[in-house]
Amino acid sequence: MVLGKVVGTVWATRKDENLTGLKFLIVQHADMDYTLKDQYVVAVDSVGAGVGEVVLVATGSSARQTDVTKNKPVDAVIMAIVDKLDLAN
Amino acid sequence: MVLGKVVGTVWATRKDENLTGLKFLIVQHADMDYTLKDQYVVAVDSVGAGVGEVVLVATGSSARQTDVTKNKPVDAVIMAIVDKLDLAN
Amino acid sequence: MVLGKVVGTVWATRKDENLTGLKFLIVQHADMDYTLKDQYVVAVDSVGAGVGEVVLVATGSSARQTDVTKNKPVDAVIMAIVDKLDLAN
Amino acid sequence: MVLGKVVGTVWATRKDENLTGLKFLIVQHADMDYTLKDQYVVAVDSVGAGVGEVVLVATGSSARQTDVTKNKPVDAVIMAIVDKLDLAN
Amino acid sequence: MVLGKVVGTVWATRKDENLTGLKFLIVQHADMDYTLKDQYVVAVDSVGAGVGEVVLVATGSSARQTDVTKNKPVDAVIMAIVDKLDLAN
């Protein structure tokens, strides 16, 4: 999984019909010290994540293993909201 | 998903027989401020996207989860046309 | 899909038994103006592509969605031969 | 698979309900001489790996082929703890 | 598929129980003129490849389409040993 921060939302009314009701969030990749990188992914929210929260994103077919994304054409899902990172010294 | 802009079309008459009728569009990757990057992907259109439109592209097996791409040898699909991006300050 | 040009062939007699008879071509990635990049992928041919032709390559599980690659350990397939690209100005 | 070293743990209480009980470890990519790279992946542990250990990480759908990750939205799993590498001269 | 050269072996006694007996080889990516790149992948051998041999590696779910890797948590497999490359001038 990739660590990132939710920094925005994508609005799209014309989309695959199975995507109705899904929330598309913009996630900016982050380093393990939370420094934001110049890299973004648009991911479907499955855990009630909001702007400003640090999250984990699963990609590929694994992104379809949640109730909200099952069998849908999405390749990235927020599946966890991060409380904290414990990094060894 | 990746954010991009439709910048062209690929014509291919000799192709896998299951691909007949599909529209192959050239999508240029874009940053969250719509700046275009020097990176491209050829994606099948599933939502009626046209040149100049900003879109989301799903890749990998997720690209086969639309009615037009099911069980076909395509690894990228346009599954949404972007209306706008809301970016947090 | 990735745009590329067929620039060679890989010969391999010792291989997974399900790969017998498949043609492994070397595809060099290309930009949308056909400039070749210093990046290569070895892909199975499913459309009768030959050296010098510009092609589309599908990767990942999508590479196994053709008659010749079904259930085989290959992660890249040439599924279309490109006639031309229409790029918007 | 990617070679890496476990350097930390991710804590996340709000997550997909199927992820309860899984251990999310931070794995830093390593070169074949064990030099750490500035690249990280968050992976689920399936083999009892701990901080400081060198491991192999499988990604994508292959990350769901263990007892603890089956059908769950995770795209990286630690599936082996490395004893040593034998590199040819 | 990726072209590479087998340069070593990974030893791991603590691993997913379905991986017992598999041989994990270190494959260094190579250019089409056999120049080795500073990029490595650990792949399961399915064809009896040995150190020094040039091979093809399939990744992702395609890596699980051999008899030895079926349903196992591995994302890279050596599925062919290269005899030679024919590159167009």
# chains A, B, ... in the order shown; residues from 1 in each chain; ligands from 1

call {"tool": "closest_atom_pairs", "arguments": {"of": "chain E", "to": "chain C", "cutoff": "12 Å", "atoms": "only C-alpha atoms", "output": "JSON lines"}}
result
{"residue": "E:Met1", "atom": "CA", "partner": "C:Val42", "partner_atom": "CA", "distance": 4.8}
{"residue": "E:Val2", "atom": "CA", "partner": "C:Val41", "partner_atom": "CA", "distance": 6.1}
{"residue": "E:Leu3", "atom": "CA", "partner": "C:Val42", "partner_atom": "CA", "distance": 7.4}
{"residue": "E:Gly4", "atom": "CA", "partner": "C:Val42", "partner_atom": "CA", "distance": 11.2}
{"residue": "E:His29", "atom": "CA", "partner": "C:Tyr40", "partner_atom": "CA", "distance": 11.0}
{"residue": "E:Ala30", "atom": "CA", "partner": "C:Tyr40", "partner_atom": "CA", "distance": 10.0}
{"residue": "E:Asp31", "atom": "CA", "partner": "C:Tyr40", "partner_atom": "CA", "distance": 7.9}
{"residue": "E:Met32", "atom": "CA", "partner": "C:Tyr40", "partner_atom": "CA", "distance": 7.8}
{"residue": "E:Asp33", "atom": "CA", "partner": "C:Tyr40", "partner_atom": "CA", "distance": 11.3}
{"residue": "E:Lys37", "atom": "CA", "partner": "C:Gln39", "partner_atom": "CA", "distance": 11.8}
{"residue": "E:Asp45", "atom": "CA", "partner": "C:Asp16", "partner_atom": "CA", "distance": 10.4}
{"residue": "E:Ser46", "atom": "CA", "partner": "C:Asp16", "partner_atom": "CA", "distance": 7.1}
{"residue": "E:Val47", "atom": "CA", "partner": "C:Lys15", "partner_atom": "CA", "distance": 6.0}
{"residue": "E:Gly48", "atom": "CA", "partner": "C:Arg14", "partner_atom": "CA", "distance": 8.7}
{"residue": "E:Ala49", "atom": "CA", "partner": "C:Arg14", "partner_atom": "CA", "distance": 9.1}
{"residue": "E:Glu53", "atom": "CA", "partner": "C:Arg14", "partner_atom": "CA", "distance": 11.5}
{"residue": "E:Val54", "atom": "CA", "partner": "C:Ala12", "partner_atom": "CA", "distance": 9.9}
{"residue": "E:Val55", "atom": "CA", "partner": "C:Ala12", "partner_atom": "CA", "distance": 8.7}
{"residue": "E:Leu56", "atom": "CA", "partner": "C:Val42", "partner_atom": "CA", "distance": 8.2}
{"residue": "E:Val57", "atom": "CA", "partner": "C:Val74", "partner_atom": "CA", "distance": 8.6}
{"residue": "E:Ala58", "atom": "CA", "partner": "C:Asp75", "partner_atom": "CA", "distance": 5.6}
{"residue": "E:Thr59", "atom": "CA", "partner": "C:Asp75", "partner_atom": "CA", "distance": 6.3}
{"residue": "E:Gly60", "atom": "CA", "partner": "C:Gly60", "partner_atom": "CA", "distance": 6.3}
{"residue": "E:Ser61", "atom": "CA", "partner": "C:Ser61", "partner_atom": "CA", "distance": 6.1}
{"residue": "E:Ser62", "atom": "CA", "partner": "C:Pro73", "partner_atom": "CA", "distance": 4.8}
{"residue": "E:Ala63", "atom": "CA", "partner": "C:Pro73", "partner_atom": "CA", "distance": 5.8}
{"residue": "E:Arg64", "atom": "CA", "partner": "C:Pro73", "partner_atom": "CA", "distance": 7.0}
{"residue": "E:Gln65", "atom": "CA", "partner": "C:Pro73", "partner_atom": "CA", "distance": 4.8}
{"residue": "E:Thr66", "atom": "CA", "partner": "C:Pro73", "partner_atom": "CA", "distance": 6.3}
{"residue": "E:Asp67", "atom": "CA", "partner": "C:Asp16", "partner_atom": "CA", "distance": 9.0}
{"residue": "E:Val68", "atom": "CA", "partner": "C:Asp16", "partner_atom": "CA", "distance": 10.4}
{"residue": "E:Thr69", "atom": "CA", "partner": "C:Pro73", "partner_atom": "CA", "distance": 10.0}
{"residue": "E:Lys70", "atom": "CA", "partner": "C:Pro73", "partner_atom": "CA", "distance": 10.3}
{"residue": "E:Asp75", "atom": "CA", "partner": "C:Gly60", "partner_atom": "CA", "distance": 10.9}
{"residue": "E:Ala76", "atom": "CA", "partner": "C:Pro73", "partner_atom": "CA", "distance": 9.9}
{"residue": "E:Val77", "atom": "CA", "partner": "C:Pro73", "partner_atom": "CA", "distance": 8.2}
{"residue": "E:Ile78", "atom": "CA", "partner": "C:Lys15", "partner_atom": "CA", "distance": 8.7}
{"residue": "E:Met79", "atom": "CA", "partner": "C:Asp16", "partner_atom": "CA", "distance": 5.4}
{"residue": "E:Ala80", "atom": "CA", "partner": "C:Lys15", "partner_atom": "CA", "distance": 4.0}
{"residue": "E:Ile81", "atom": "CA", "partner": "C:Arg14", "partner_atom": "CA", "distance": 5.5}
{"residue": "E:Val82", "atom": "CA", "partner": "C:Ala12", "partner_atom": "CA", "distance": 4.5}
{"residue": "E:Asp83", "atom": "CA", "partner": "C:Ala12", "partner_atom": "CA", "distance": 5.0}
{"residue": "E:Lys84", "atom": "CA", "partner": "C:Trp11", "partner_atom": "CA", "distance": 5.3}
{"residue": "E:Leu85", "atom": "CA", "partner": "C:Val10", "partner_atom": "CA", "distance": 4.7}
{"residue": "E:Asp86", "atom": "CA", "partner": "C:Thr9", "partner_atom": "CA", "distance": 5.1}
{"residue": "E:Leu87", "atom": "CA", "partner": "C:Gly8", "partner_atom": "CA", "distance": 4.2}
{"residue": "E:Ala88", "atom": "CA", "partner": "C:Val7", "partner_atom": "CA", "distance": 5.4}
{"residue": "E:Asn89", "atom": "CA", "partner": "C:Val7", "partner_atom": "CA", "distance": 8.2}

call {"tool": "atom_distance", "arguments": {"atom1": "atom CA of Leu36 of chain D", "atom2": "atom CA of Gly21 of chain E"}}
result
28.4 Å

call {"tool": "atom_distance", "arguments": {"atom1": "atom CA of Lys23 of chain D", "atom2": "atom CA of Lys23 of chain A"}}
result
26.7 Å

call {"tool": "atom_distance", "arguments": {"atom1": "atom CA of Gly50 of chain D", "atom2": "atom CA of Tyr34 of chain D"}}
result
16.5 Å
